[in-house]
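Participant: So I've got this file, protein.txt, and it contains compact mmCIF, C-alpha atoms and all ligand atoms:
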# COMPACT_ATOMS: atom_id res chain seq x y z
CA MET N 1 79.61 112.27 91.73
CA GLY N 2 80.48 110.14 88.74
CA SER N 3 77.86 109.03 86.22
CA ASP N 4 77.55 105.71 88.09
CA GLY N 5 76.75 107.58 91.31
CA THR N 6 80.14 106.93 92.93
CA TYR N 7 82.37 109.67 94.23
CA ARG N 8 84.91 111.23 91.89
CA SER N 9 87.26 113.87 93.16
CA THR N 10 88.70 116.68 91.12
CA PHE N 11 91.99 115.58 92.65
CA SER N 12 91.80 112.75 90.23
CA GLU N 13 95.32 111.66 89.49
CA PHE N 14 98.39 110.56 91.36
CA VAL N 15 101.74 110.56 89.66
CA PRO N 16 103.62 107.70 91.29
CA ILE N 17 107.38 107.59 91.49
CA GLN N 18 108.52 104.06 90.70
CA GLY N 19 109.49 102.08 93.76
CA VAL N 20 108.06 104.56 96.21
CA LEU N 21 104.34 104.18 95.83
CA GLN N 22 102.94 100.76 96.47
CA THR N 23 99.39 99.74 95.83
CA ILE N 24 98.20 97.56 98.66
CA CYS N 25 95.80 95.31 96.81
CA PRO N 26 97.29 92.70 94.50
CA ASP N 27 94.58 93.29 91.91
CA ARG N 28 95.72 96.89 91.70
CA SER N 29 99.32 95.97 90.91
CA GLU N 30 98.57 96.92 87.33
CA PHE N 31 98.67 100.54 88.45
CA LEU N 32 102.30 100.25 89.43
CA ASN N 33 103.38 100.24 85.83
CA LYS N 34 101.25 103.18 84.81
CA ASP N 35 102.15 106.76 85.41
CA LYS N 36 98.78 107.68 86.85
CA ILE N 37 96.78 106.19 89.65
CA LEU N 38 93.12 107.04 90.00
CA LEU N 39 92.12 108.49 93.32
CA GLY N 40 89.95 106.00 95.11
CA SER N 41 92.52 103.24 94.82
CA VAL N 42 94.21 103.74 98.16
CA VAL N 43 97.95 104.11 97.89
CA LEU N 44 100.23 102.97 100.67
CA ILE N 45 103.35 105.06 100.53
CA ARG N 46 106.48 103.88 102.27
CA GLY N 47 109.33 106.36 102.45
CA THR N 48 109.69 110.09 102.61
CA GLU N 49 109.80 110.71 98.89
CA GLY N 50 106.99 110.80 96.43
CA PHE N 51 104.74 113.03 98.48
CA ASP N 52 104.26 115.37 95.54
CA ALA N 53 101.79 112.72 94.51
CA CYS N 54 99.49 113.40 97.39
CA ARG N 55 100.04 116.84 98.80
CA GLY N 56 97.18 119.09 99.68
CA GLY N 57 94.86 116.65 101.42
CA MET N 58 92.76 116.43 104.56
CA ILE N 59 94.80 114.39 107.05
CA SER N 60 94.33 112.21 110.15
CA ILE N 61 97.53 111.29 111.98
CA GLY N 62 97.72 108.16 114.11
CA ASN N 63 98.78 104.57 114.47
CA PHE N 64 95.32 103.17 113.70
CA ASP N 65 96.19 99.73 115.08
CA GLY N 66 93.08 97.59 114.72
CA VAL N 67 91.17 100.39 112.92
CA HIS N 68 88.57 100.08 115.70
CA ARG N 69 85.15 101.72 116.01
CA GLY N 70 86.71 104.95 117.36
CA HIS N 71 89.13 105.11 114.42
CA GLN N 72 86.27 104.31 112.05
CA LYS N 73 84.20 107.25 113.32
CA MET N 74 87.18 109.56 112.97
CA ILE N 75 87.91 108.37 109.44
CA GLN N 76 84.26 108.78 108.42
CA THR N 77 84.49 112.41 109.58
CA LEU N 78 87.79 112.86 107.73
CA VAL N 79 86.40 111.43 104.50
CA GLN N 80 83.22 113.48 104.73
CA HIS N 81 85.13 116.76 105.18
CA ALA N 82 87.61 115.82 102.45
CA ARG N 83 84.78 115.01 100.04
CA ASP N 84 82.98 118.26 100.86
CA ARG N 85 86.11 120.14 99.81
CA GLN N 86 87.01 117.90 96.87
CA LEU N 87 90.29 116.95 98.55
CA PRO N 88 91.97 113.57 99.06
CA ALA N 89 91.46 111.95 102.47
CA MET N 90 94.85 110.94 103.81
CA VAL N 91 96.09 108.96 106.80
CA PHE N 92 99.55 109.64 108.17
CA THR N 93 101.06 106.90 110.26
CA PHE N 94 104.53 106.33 111.71
CA ASP N 95 106.34 103.18 110.63
CA PRO N 96 107.29 101.65 112.99
CA HIS N 97 105.34 103.01 115.95
CA PRO N 98 107.60 105.51 117.82
CA ILE N 99 107.64 103.25 120.91
CA HIS N 100 109.89 100.83 118.98
CA LEU N 101 112.60 103.52 118.93
CA LEU N 102 111.90 105.12 122.30
CA ARG N 103 111.15 102.16 124.59
CA PRO N 104 111.24 98.95 122.54
CA GLU N 105 110.84 96.79 125.67
CA TYR N 106 107.34 98.25 126.10
CA ALA N 107 106.28 97.84 122.46
CA PRO N 108 103.07 95.77 122.49
CA PRO N 109 102.37 93.20 119.76
CA GLU N 110 100.27 94.78 117.02
CA LEU N 111 96.64 93.96 116.34
CA MET N 112 97.26 94.10 112.59
CA GLY N 113 100.00 94.90 110.09
CA ILE N 114 100.15 98.08 108.02
CA GLU N 115 98.81 96.41 104.86
CA ASP N 116 95.69 95.18 106.68
CA ARG N 117 95.20 98.61 108.25
CA ALA N 118 95.48 100.29 104.86
CA ALA N 119 93.00 97.83 103.35
CA ILE N 120 90.37 98.66 105.99
CA LEU N 121 91.10 102.38 105.72
CA GLU N 122 90.49 102.10 102.02
CA GLN N 123 87.09 100.50 102.63
CA LEU N 124 86.28 103.54 104.76
CA GLY N 125 87.06 105.86 101.85
CA VAL N 126 90.67 106.86 102.55
CA ASP N 127 92.62 107.69 99.39
CA CYS N 128 96.19 107.58 100.60
CA VAL N 129 98.02 106.03 103.57
CA ILE N 130 101.48 107.33 104.34
CA ALA N 131 103.74 105.08 106.42
CA TRP N 132 106.36 107.66 107.38
CA PRO N 133 109.67 106.11 108.45
CA THR N 134 110.16 106.86 112.14
CA SER N 135 113.59 108.21 112.98
CA HIS N 136 115.16 109.75 116.08
CA ASP N 137 115.42 113.06 114.19
CA LEU N 138 111.69 113.00 113.52
CA LEU N 139 110.91 112.25 117.17
CA GLU N 140 113.12 115.19 118.22
CA LEU N 141 110.91 117.72 116.38
CA SER N 142 108.94 120.03 118.67
CA PRO N 143 105.17 120.15 118.06
CA GLN N 144 105.59 123.44 116.20
CA GLU N 145 108.45 122.03 114.06
CA PHE N 146 106.49 118.87 113.27
CA PHE N 147 103.48 120.94 112.26
CA GLN N 148 105.50 123.28 110.04
CA GLN N 149 108.04 120.89 108.50
CA ILE N 150 105.94 117.76 108.00
CA LEU N 151 102.33 118.85 107.79
CA CYS N 152 102.75 122.23 106.09
CA ASP N 153 106.01 122.04 104.10
CA GLN N 154 106.06 118.38 103.10
CA LEU N 155 102.38 117.58 102.84
CA ASN N 156 100.71 120.95 102.29
CA ALA N 157 97.90 119.74 104.55
CA GLN N 158 94.60 121.54 104.03
CA GLY N 159 93.00 120.32 107.22
CA LEU N 160 93.31 117.88 110.12
CA VAL N 161 90.85 115.57 111.86
CA GLU N 162 91.95 114.01 115.17
CA GLY N 163 90.62 112.36 118.33
CA PRO N 164 90.65 114.18 121.70
CA ASN N 165 93.60 112.17 123.04
CA PHE N 166 95.96 113.05 120.18
CA TYR N 167 99.47 114.19 121.13
CA PHE N 168 102.31 115.12 118.81
CA GLY N 169 105.91 116.34 118.74
CA LYS N 170 108.84 115.57 121.02
CA ASP N 171 107.74 114.00 124.32
CA ARG N 172 104.15 114.15 123.06
CA ALA N 173 104.21 117.80 124.13
CA GLY N 174 101.56 119.02 121.67
CA ASP N 175 97.86 118.38 122.30
CA VAL N 176 94.66 119.17 120.39
CA ASN N 177 94.46 122.68 121.88
CA LEU N 178 97.89 123.55 120.48
CA LEU N 179 96.99 121.91 117.19
CA GLN N 180 93.81 123.98 117.02
CA THR N 181 95.85 127.18 117.51
CA LEU N 182 98.44 126.17 114.90
CA CYS N 183 95.71 125.30 112.40
CA GLU N 184 93.94 128.61 112.98
CA GLN N 185 97.20 130.51 112.43
CA ALA N 186 97.83 128.56 109.22
CA GLY N 187 94.25 129.00 108.01
CA MET N 188 93.70 125.26 108.10
CA PHE N 189 90.54 123.32 108.88
CA PHE N 190 90.67 121.39 112.18
CA LYS N 191 88.19 119.07 113.84
CA VAL N 192 88.32 116.96 117.01
CA VAL N 193 86.07 113.90 116.88
CA GLU N 194 84.35 112.78 120.11
CA PRO N 195 85.69 109.50 121.54
CA SER N 196 83.70 106.31 120.91
CA MET N 197 82.64 104.37 123.98
CA CYS N 198 81.93 100.74 124.74
CA GLU N 199 80.14 100.21 128.06
CA ALA N 200 81.54 103.40 129.62
CA ARG N 201 85.09 102.59 128.46
CA MET N 202 86.72 104.67 125.77
CA ILE N 203 87.58 102.43 122.86
CA SER N 204 91.33 102.30 122.29
CA SER N 205 93.87 99.90 120.80
CA SER N 206 95.27 99.23 124.28
CA GLU N 207 91.81 98.37 125.71
CA ILE N 208 91.36 95.97 122.83
CA ARG N 209 94.78 94.39 123.47
CA LYS N 210 93.87 93.93 127.14
CA ALA N 211 90.57 92.24 126.23
CA ILE N 212 92.28 89.90 123.74
CA GLN N 213 94.98 88.93 126.22
CA ALA N 214 92.28 88.20 128.82
CA GLY N 215 90.51 85.90 126.33
CA GLU N 216 87.60 88.35 125.98
CA VAL N 217 87.64 88.14 122.21
CA ASP N 218 83.91 88.89 122.02
CA GLN N 219 84.51 92.19 123.88
CA ALA N 220 87.39 92.94 121.53
CA ALA N 221 85.11 92.32 118.55
CA GLU N 222 82.56 94.81 119.96
CA MET N 223 85.26 97.47 120.13
CA LEU N 224 86.80 96.58 116.77
CA GLY N 225 83.49 96.39 114.94
CA ARG N 226 84.62 93.05 113.46
CA LEU N 227 86.00 89.74 114.74
CA TYR N 228 89.62 89.77 115.88
CA GLN N 229 91.75 87.80 113.46
CA ILE N 230 95.25 86.40 113.12
CA ARG N 231 97.00 84.83 110.15
CA GLY N 232 99.83 82.38 109.70
CA THR N 233 101.00 79.34 107.78
CA VAL N 234 99.95 75.73 108.46
CA SER N 235 102.89 73.66 109.65
CA HIS N 236 103.42 70.06 110.76
CA GLY N 237 102.67 69.08 114.35
CA GLU N 238 102.96 65.70 115.99
CA ALA N 239 100.34 64.11 113.71
CA ARG N 240 98.34 63.11 116.80
CA GLY N 241 95.13 64.98 115.98
CA ARG N 242 94.15 62.68 113.14
CA GLY N 243 94.46 59.67 115.42
CA LEU N 244 92.14 61.35 117.90
CA GLY N 245 89.61 61.89 115.11
CA PHE N 246 90.14 65.67 115.31
CA PRO N 247 92.96 66.88 113.04
CA THR N 248 94.24 70.35 113.91
CA ALA N 249 96.08 72.70 111.59
CA ASN N 250 99.08 74.10 113.51
CA LEU N 251 99.55 77.78 112.72
CA LYS N 252 103.08 79.24 112.60
CA GLY N 253 104.45 82.71 111.87
CA VAL N 254 101.66 84.71 113.50
CA GLN N 255 102.99 88.31 113.67
CA THR N 256 100.20 89.86 115.70
CA LEU N 257 98.83 89.56 119.24
CA LEU N 258 97.63 86.09 120.30
CA PRO N 259 94.60 85.80 122.57
CA GLY N 260 95.20 84.34 126.05
CA GLU N 261 95.44 80.57 126.45
CA GLY N 262 92.22 78.62 126.10
CA VAL N 263 89.76 76.94 123.76
CA TYR N 264 87.84 79.23 121.40
CA SER N 265 85.08 79.16 118.80
CA GLY N 266 85.53 81.02 115.55
CA PHE N 267 86.09 80.75 111.83
CA ALA N 268 89.02 79.69 109.69
CA VAL N 269 89.58 80.92 106.15
CA VAL N 270 91.77 78.87 103.83
CA GLY N 271 91.94 78.83 100.04
CA GLY N 272 89.24 81.49 99.92
CA LYS N 273 86.74 79.33 101.89
CA ARG N 274 85.46 80.03 105.40
CA TYR N 275 84.76 77.22 107.89
CA PRO N 276 83.49 77.23 111.47
CA ALA N 277 86.41 76.34 113.71
CA ALA N 278 87.39 75.16 117.20
CA ILE N 279 90.73 76.61 118.26
CA ASN N 280 93.16 75.51 120.95
CA LEU N 281 95.64 78.22 122.03
CA GLY N 282 98.26 76.82 124.39
CA GLY N 283 99.75 73.44 125.19
CA ASN N 284 98.55 69.85 125.23
CA PRO N 285 98.97 69.07 128.96
CA THR N 286 97.10 65.78 128.56
CA PHE N 287 100.14 64.64 126.54
CA GLN N 288 102.68 66.32 128.86
CA ASN N 289 103.35 68.89 126.16
CA SER N 290 103.50 72.48 127.43
CA GLU N 291 104.72 74.12 124.21
CA ALA N 292 102.29 76.92 123.33
CA LYS N 293 100.69 76.28 119.94
CA VAL N 294 97.90 77.63 117.77
CA GLU N 295 95.80 74.64 116.72
CA VAL N 296 92.74 74.97 114.53
CA HIS N 297 90.17 72.27 113.80
CA LEU N 298 88.20 73.27 110.69
CA ILE N 299 84.67 71.97 111.05
CA GLY N 300 83.38 70.30 107.89
CA PHE N 301 86.77 70.25 106.12
CA SER N 302 88.90 67.32 105.01
CA GLY N 303 92.08 67.40 102.96
CA GLU N 304 95.66 68.62 103.35
CA ILE N 305 96.46 72.29 103.92
CA TYR N 306 100.10 72.10 105.04
CA ASP N 307 102.11 75.23 104.04
CA GLN N 308 98.95 77.14 103.15
CA ASP N 309 98.04 80.56 104.56
CA LEU N 310 95.28 80.35 107.11
CA GLN N 311 93.31 83.14 108.74
CA VAL N 312 91.54 82.62 112.07
CA GLU N 313 88.70 84.80 113.40
CA PHE N 314 87.76 84.54 117.08
CA LEU N 315 84.15 84.45 118.26
CA GLN N 316 84.27 83.48 121.94
CA LYS N 317 86.33 81.69 124.56
CA LEU N 318 84.70 78.35 125.37
CA ARG N 319 86.85 77.19 128.30
CA ASP N 320 90.34 76.94 129.82
CA ILE N 321 92.71 74.21 128.68
CA GLN N 322 92.54 71.16 130.95
CA THR N 323 94.65 68.12 131.75
CA PHE N 324 92.39 65.16 131.07
CA ALA N 325 92.78 61.85 132.92
CA ASP N 326 92.84 59.89 129.66
CA VAL N 327 92.56 60.30 125.92
CA GLU N 328 88.92 59.11 125.80
CA THR N 329 87.84 61.90 128.17
CA LEU N 330 89.74 64.45 126.03
CA LYS N 331 88.02 63.13 122.90
CA SER N 332 84.56 63.41 124.51
CA GLN N 333 85.32 67.01 125.49
CA LEU N 334 86.64 67.82 121.99
CA ALA N 335 83.36 66.57 120.50
CA ILE N 336 81.45 68.88 122.87
CA ASP N 337 83.74 71.85 122.04
CA ILE N 338 83.32 71.30 118.33
CA GLU N 339 79.54 71.10 118.67
CA SER N 340 79.53 74.39 120.67
CA ALA N 341 81.84 76.09 118.15
CA LYS N 342 79.68 74.94 115.25
CA LYS N 343 76.51 76.19 116.92
CA GLN N 344 78.01 79.59 117.74
CA ALA N 345 79.44 80.02 114.24
CA THR N 346 76.16 79.03 112.60
CA GLN N 347 74.13 81.35 114.80
CA TRP N 348 76.51 84.29 114.43
CA LYS N 349 74.78 87.11 112.63
CA GLY N 350 77.66 89.57 112.63
CA LEU N 351 78.12 92.73 114.68
CA GLU N 352 75.68 95.62 114.58
C1 LIG N 401 89.00 72.43 120.42
C2 LIG N 401 90.22 71.81 121.02
C3 LIG N 401 90.36 71.76 122.41
C4 LIG N 401 91.48 71.20 122.99
N1 LIG N 401 91.58 71.14 124.35
C5 LIG N 401 92.64 70.53 124.94
C6 LIG N 401 92.75 70.45 126.36
O1 LIG N 401 91.93 70.99 127.11
N2 LIG N 401 93.81 69.80 126.88
C7 LIG N 401 94.78 69.21 126.09
O2 LIG N 401 95.70 68.63 126.63
N3 LIG N 401 94.73 69.32 124.74
C8 LIG N 401 93.68 69.94 124.15
N4 LIG N 401 93.59 70.03 122.78
C9 LIG N 401 94.77 69.67 121.99
C10 LIG N 401 94.86 68.24 121.57
O3 LIG N 401 95.52 67.55 122.61
C11 LIG N 401 95.71 68.33 120.30
O4 LIG N 401 94.88 68.83 119.29
C12 LIG N 401 96.33 67.03 119.94
O5 LIG N 401 97.31 66.73 120.86
C13 LIG N 401 96.90 67.05 118.50
O6 LIG N 401 98.16 67.64 118.42
P1 LIG N 401 98.91 67.73 117.02
O7 LIG N 401 98.25 68.81 116.17
O8 LIG N 401 100.35 68.12 117.37
O9 LIG N 401 98.85 66.40 116.36
C14 LIG N 401 92.50 70.63 122.18
C15 LIG N 401 92.36 70.69 120.78
C16 LIG N 401 91.25 71.28 120.21
C17 LIG N 401 91.12 71.34 118.71
N1 LIG N 402 89.15 69.42 109.53
C1 LIG N 402 90.47 69.66 109.57
N2 LIG N 402 90.94 70.64 110.38
C2 LIG N 402 92.26 70.87 110.43
N3 LIG N 402 93.17 70.22 109.69
C3 LIG N 402 92.75 69.23 108.87
C4 LIG N 402 91.38 68.93 108.78
N4 LIG N 402 91.22 67.91 107.89
C5 LIG N 402 92.45 67.62 107.45
N5 LIG N 402 93.38 68.41 108.00
C6 LIG N 402 94.82 68.31 107.71
O1 LIG N 402 95.40 67.57 108.78
C7 LIG N 402 96.46 68.31 109.40
C8 LIG N 402 96.38 68.15 110.89
O2 LIG N 402 96.40 66.80 111.27
P1 LIG N 402 97.14 66.36 112.58
O3 LIG N 402 97.06 64.89 112.72
O4 LIG N 402 96.64 67.19 113.73
O5 LIG N 402 98.63 66.70 112.20
P2 LIG N 402 99.65 67.81 112.69
O6 LIG N 402 100.06 67.38 114.04
O7 LIG N 402 100.74 67.77 111.68
O8 LIG N 402 98.93 69.11 112.71
C9 LIG N 402 96.26 69.75 108.99
O9 LIG N 402 97.44 70.49 108.88
C10 LIG N 402 95.58 69.61 107.62
O10 LIG N 402 96.55 69.54 106.62
Render the structure in this file as structure tokens.

Facilitator:
Amino acid sequence: MGSDGTYRSTFSEFVPIQGVLQTICPDRSEFLNKDKILLGSVVLIRGTEGFDACRGGMISIGNFDGVHRGHQKMIQTLVQHARDRQLPAMVFTFDPHPIHLLRPEYAPPELMGIEDRAAILEQLGVDCVIAWPTSHDLLELSPQEFFQQILCDQLNAQGLVEGPNFYFGKDRAGDVNLLQTLCEQAGMFFKVVEPSMCEARMISSSEIRKAIQAGEVDQAAEMLGRLYQIRGTVSHGEARGRGLGFPTANLKGVQTLLPGEGVYSGFAVVGGKRYPAAINLGGNPTFQNSEAKVEVHLIGFSGEIYDQDLQVEFLQKLRDIQTFADVETLKSQLAIDIESAKKQATQWKGLE
């Protein structure tokens, strides 16, 4: 413990190699120009060089898409065991996910990008996130070769913490039983963390994707341990919303999974401020427009936010999109939606 009561590891310094280590938080960019980075500022490493900086840690391997409640429990265990041994807690992730090389047509949209994952992992106490470039050569390694060449030789891993459904090596041939044996032989610590459940279902990134696609964003939030969010840039639409009395910011460039079509309650964050929001995901059939859009009405906001970054958090699906007989009926329904969204956002106390 440091004098201020916070954790300080004896593994206190990283020696970054310029251009290889990247700090993930803009306010840490100052570290890039120094030759030492304090442990505790998570480092996102892209590339296969520069590992000298963070060898000898306790490691969890995985994709960690969404960093859901199951991941969180695993990472808490990882951090606790790393701290007990005065070692850095490290996450090893493949970039991109192996499915993009093996069966790209089945690659699902991500729940969050690597920077967002690393930021949440940091909040959980992780010291270093490695985004290892996925290659066909890497995916050809047998479980034993992967263990020896990557975990032992490259990373000098001191221990591993995984979930029960972890597989590794070519064709996912290695499981936790094999990993246990390999760790024992290498004199390495190994722990399997019990799966986290949500109403009898094991929490997984794919369950969360299914819930989001089905519009069950509240279920997804339960599994994630936070509201599901997307981000994009506000672009110009048909400038019809203002005339209706309900301007909507049209979001473009969303890189992650979109919830299923419908009208949702939630929050929108722009310029560092958070507003309750009513969100329309889909077309405007009342105006014979079927183009799928992401439209966000920020409740209690006025002004221009074109070209600004906007983040949307989803609370609940309110209804399906409808084709209204006339504009007045649409406007009456919009007023009701906005009232419901406002009420839900105001009453929202967060997740337990
Ligand atoms: C909360 C909300 C619910 C909406 N529901 C519907 C709907 O059920 N049917 C529909 O045709 N359009 C719906 N809209 C979309 C409006 O038709 C759309 O905001 C309007 O056409 C403005 O488009 P613009 O941003 O291109 O100007 C909804 C918009 C919001 C904000
Ligand atoms: N409360 C609000 N919610 C969303 N956008 C708003 C709001 N107040 C003002 N705006 C501005 O109005 C724009 C949306 O107006 P709208 O008439 O729907 O035009 P467009 O079709 O270009 O989206 C937004 O991009 C934003 O710049």

Participant: Please give the centre and size of the box around ligand LIG 402 (chain N) (axis-aligned, containing every atom listed in the file, 5 Å added per side), with values in Å to one decimal and written as JSON.

Facilitator:
{"center_x": 94.9, "center_y": 67.9, "center_z": 110.3, "size_x": 21.6, "size_y": 16.0, "size_z": 17.4}

Participant: Excluding same-chain residues fewer than 5 positions from Val192 in chain N, what lies within 7 Å of it counting all atoms listed in the file, as a list in words?

Facilitator: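 My list of contacting residues is Val161, Glu162, Gly163 and Pro164 of chain N.
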
Participant: Enumerate as a PDB file with C-alpha atoms, keeping the file's coordinate frame the residues within 9 Å of ligand LIG 401 (chain N), counting only C-alpha atoms and all ligand atoms.

Facilitator:
ATOM      1  CA  HIS N 236     103.420  70.060 110.760  1.00  0.00           C
ATOM      2  CA  GLY N 237     102.670  69.080 114.350  1.00  0.00           C
ATOM      3  CA  GLU N 238     102.960  65.700 115.990  1.00  0.00           C
ATOM      4  CA  ALA N 239     100.340  64.110 113.710  1.00  0.00           C
ATOM      5  CA  ARG N 240      98.340  63.110 116.800  1.00  0.00           C
ATOM      6  CA  GLY N 241      95.130  64.980 115.980  1.00  0.00           C
ATOM      7  CA  ARG N 242      94.150  62.680 113.140  1.00  0.00           C
ATOM      8  CA  GLY N 243      94.460  59.670 115.420  1.00  0.00           C
ATOM      9  CA  LEU N 244      92.140  61.350 117.900  1.00  0.00           C
ATOM     10  CA  PHE N 246      90.140  65.670 115.310  1.00  0.00           C
ATOM     11  CA  PRO N 247      92.960  66.880 113.040  1.00  0.00           C
ATOM     12  CA  THR N 248      94.240  70.350 113.910  1.00  0.00           C
ATOM     13  CA  ALA N 249      96.080  72.700 111.590  1.00  0.00           C
ATOM     14  CA  ASN N 250      99.080  74.100 113.510  1.00  0.00           C
ATOM     15  CA  GLY N 262      92.220  78.620 126.100  1.00  0.00           C
ATOM     16  CA  VAL N 263      89.760  76.940 123.760  1.00  0.00           C
ATOM     17  CA  TYR N 264      87.840  79.230 121.400  1.00  0.00           C
ATOM     18  CA  SER N 265      85.080  79.160 118.800  1.00  0.00           C
ATOM     19  CA  ALA N 277      86.410  76.340 113.710  1.00  0.00           C
ATOM     20  CA  ALA N 278      87.390  75.160 117.200  1.00  0.00           C
ATOM     21  CA  ILE N 279      90.730  76.610 118.260  1.00  0.00           C
ATOM     22  CA  ASN N 280      93.160  75.510 120.950  1.00  0.00           C
ATOM     23  CA  LEU N 281      95.640  78.220 122.030  1.00  0.00           C
ATOM     24  CA  GLY N 282      98.260  76.820 124.390  1.00  0.00           C
ATOM     25  CA  GLY N 283      99.750  73.440 125.190  1.00  0.00           C
ATOM     26  CA  ASN N 284      98.550  69.850 125.230  1.00  0.00           C
ATOM     27  CA  PRO N 285      98.970  69.070 128.960  1.00  0.00           C
ATOM     28  CA  THR N 286      97.100  65.780 128.560  1.00  0.00           C
ATOM     29  CA  PHE N 287     100.140  64.640 126.540  1.00  0.00           C
ATOM     30  CA  GLN N 288     102.680  66.320 128.860  1.00  0.00           C
ATOM     31  CA  ASN N 289     103.350  68.890 126.160  1.00  0.00           C
ATOM     32  CA  SER N 290     103.500  72.480 127.430  1.00  0.00           C
ATOM     33  CA  LYS N 293     100.690  76.280 119.940  1.00  0.00           C
ATOM     34  CA  VAL N 294      97.900  77.630 117.770  1.00  0.00           C
ATOM     35  CA  GLU N 295      95.800  74.640 116.720  1.00  0.00           C
ATOM     36  CA  VAL N 296      92.740  74.970 114.530  1.00  0.00           C
ATOM     37  CA  HIS N 297      90.170  72.270 113.800  1.00  0.00           C
ATOM     38  CA  LEU N 298      88.200  73.270 110.690  1.00  0.00           C
ATOM     39  CA  LEU N 318      84.700  78.350 125.370  1.00  0.00           C
ATOM     40  CA  ARG N 319      86.850  77.190 128.300  1.00  0.00           C
ATOM     41  CA  ASP N 320      90.340  76.940 129.820  1.00  0.00           C
ATOM     42  CA  ILE N 321      92.710  74.210 128.680  1.00  0.00           C
ATOM     43  CA  GLN N 322      92.540  71.160 130.950  1.00  0.00           C
ATOM     44  CA  THR N 323      94.650  68.120 131.750  1.00  0.00           C
ATOM     45  CA  PHE N 324      92.390  65.160 131.070  1.00  0.00           C
ATOM     46  CA  VAL N 327      92.560  60.300 125.920  1.00  0.00           C
ATOM     47  CA  LEU N 330      89.740  64.450 126.030  1.00  0.00           C
ATOM     48  CA  LYS N 331      88.020  63.130 122.900  1.00  0.00           C
ATOM     49  CA  GLN N 333      85.320  67.010 125.490  1.00  0.00           C
ATOM     50  CA  LEU N 334      86.640  67.820 121.990  1.00  0.00           C
ATOM     51  CA  ALA N 335      83.360  66.570 120.500  1.00  0.00           C
ATOM     52  CA  ILE N 336      81.450  68.880 122.870  1.00  0.00           C
ATOM     53  CA  ASP N 337      83.740  71.850 122.040  1.00  0.00           C
ATOM     54  CA  ILE N 338      83.320  71.300 118.330  1.00  0.00           C
ATOM     55  CA  ALA N 341      81.840  76.090 118.150  1.00  0.00           C
TER      56      ALA N 341
END

Participant: Kindly provide the residues of range 225-267 of chain N that approach range 116-126 of chain N to within 12 Å, each paired with its closest atom pair and their distance in Å to one decimal, based on only C-alpha atoms, listed by chain and increasing number, as a Markdown table.

Facilitator:
| residue | atom | partner | partner_atom | distance |
| --- | --- | --- | --- | --- |
| N:Gly225 | CA | N:Ile120 | CA | 11.5 |
| N:Arg226 | CA | N:Ile120 | CA | 11.0 |
| N:Gln229 | CA | N:Asp116 | CA | 10.8 |
| N:Ile230 | CA | N:Asp116 | CA | 10.9 |
| N:Arg231 | CA | N:Asp116 | CA | 11.0 |
| N:Thr256 | CA | N:Asp116 | CA | 11.4 |

Participant: For Thr93 in chain N, which residue out of N:Phe168, N:Tyr228, N:Phe267, N:Tyr306 is the nearest one, using all atoms listed in the file?

Facilitator: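 The closest residue to Thr93 in chain N is N:Phe168.
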
Participant: Enumerate, in order of chain and increasing residue number, the residues of range 129-237 of chain N with an atom no farther than 10 Å from range 257-260 of chain N, each with its shortest atom pair and distance in Å to one decimal, counting all atoms listed in the file, as a tab-separated table.

Facilitator:
residue	atom	partner	partner_atom	distance
N:Arg209	CA	N:Leu257	CA	7.6
N:Lys210	CA	N:Pro259	CA	9.4
N:Ala211	CA	N:Pro259	CA	8.4
N:Ile212	CA	N:Pro259	CA	4.9
N:Gln213	CA	N:Gly260	CA	4.6
N:Ala214	CA	N:Gly260	CA	5.6
N:Gly215	CA	N:Gly260	CA	5.0
N:Glu216	CA	N:Pro259	CA	8.2
N:Val217	CA	N:Pro259	CA	7.4
N:Tyr228	CA	N:Pro259	CA	9.2
N:Gln229	CA	N:Leu258	CA	9.2
N:Ile230	CA	N:Leu258	CA	7.6

Participant: Go ahead and save the residues from that selection, with C-alpha atoms, as a compact mmCIF listing (two decimals), in the frame of the given file.

Facilitator:
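Output saved as part_1.txt:
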# COMPACT_ATOMS: atom_id res chain seq x y z
CA ARG N 209 94.78 94.39 123.47
CA LYS N 210 93.87 93.93 127.14
CA ALA N 211 90.57 92.24 126.23
CA ILE N 212 92.28 89.90 123.74
CA GLN N 213 94.98 88.93 126.22
CA ALA N 214 92.28 88.20 128.82
CA GLY N 215 90.51 85.90 126.33
CA GLU N 216 87.60 88.35 125.98
CA VAL N 217 87.64 88.14 122.21
CA TYR N 228 89.62 89.77 115.88
CA GLN N 229 91.75 87.80 113.46
CA ILE N 230 95.25 86.40 113.12

Participant: Using all atoms listed in the file, which residue out of N:Val67, N:Ala268, N:Ala325, N:Ile61 lies closest to Glu110 in chain N?

Facilitator: N:Val67

Participant: So what do you get for CA of Leu101 in chain N versus CA of Gln149 in chain N, distance-wise?

Facilitator: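 CA of Gln149 in chain N lies 20.8 Å from CA of Leu101 in chain N.
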
Participant: Do you have the CA of Asp171 in chain N-CA of Arg103 in chain N distance handy?

Facilitator: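 If I compute the distance from CA of Asp171 in chain N to CA of Arg103 in chain N, I get 12.3 Å.
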
Participant: Pick from N:Leu182, N:Ala292, N:Leu251, N:Val312: nearest to ligand LIG 402 (chain N), with only C-alpha atoms and all ligand atoms counted?

Facilitator: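 Among N:Leu182, N:Ala292, N:Leu251, N:Val312, it is N:Leu251 that comes nearest to ligand LIG 402 (chain N).
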
Participant: Which distance in Å separates CA of Val269 in chain N and CA of Lys349 in chain N, to one decimal?

Facilitator: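 For CA of Val269 in chain N relative to CA of Lys349 in chain N, the distance reads 17.3 Å.
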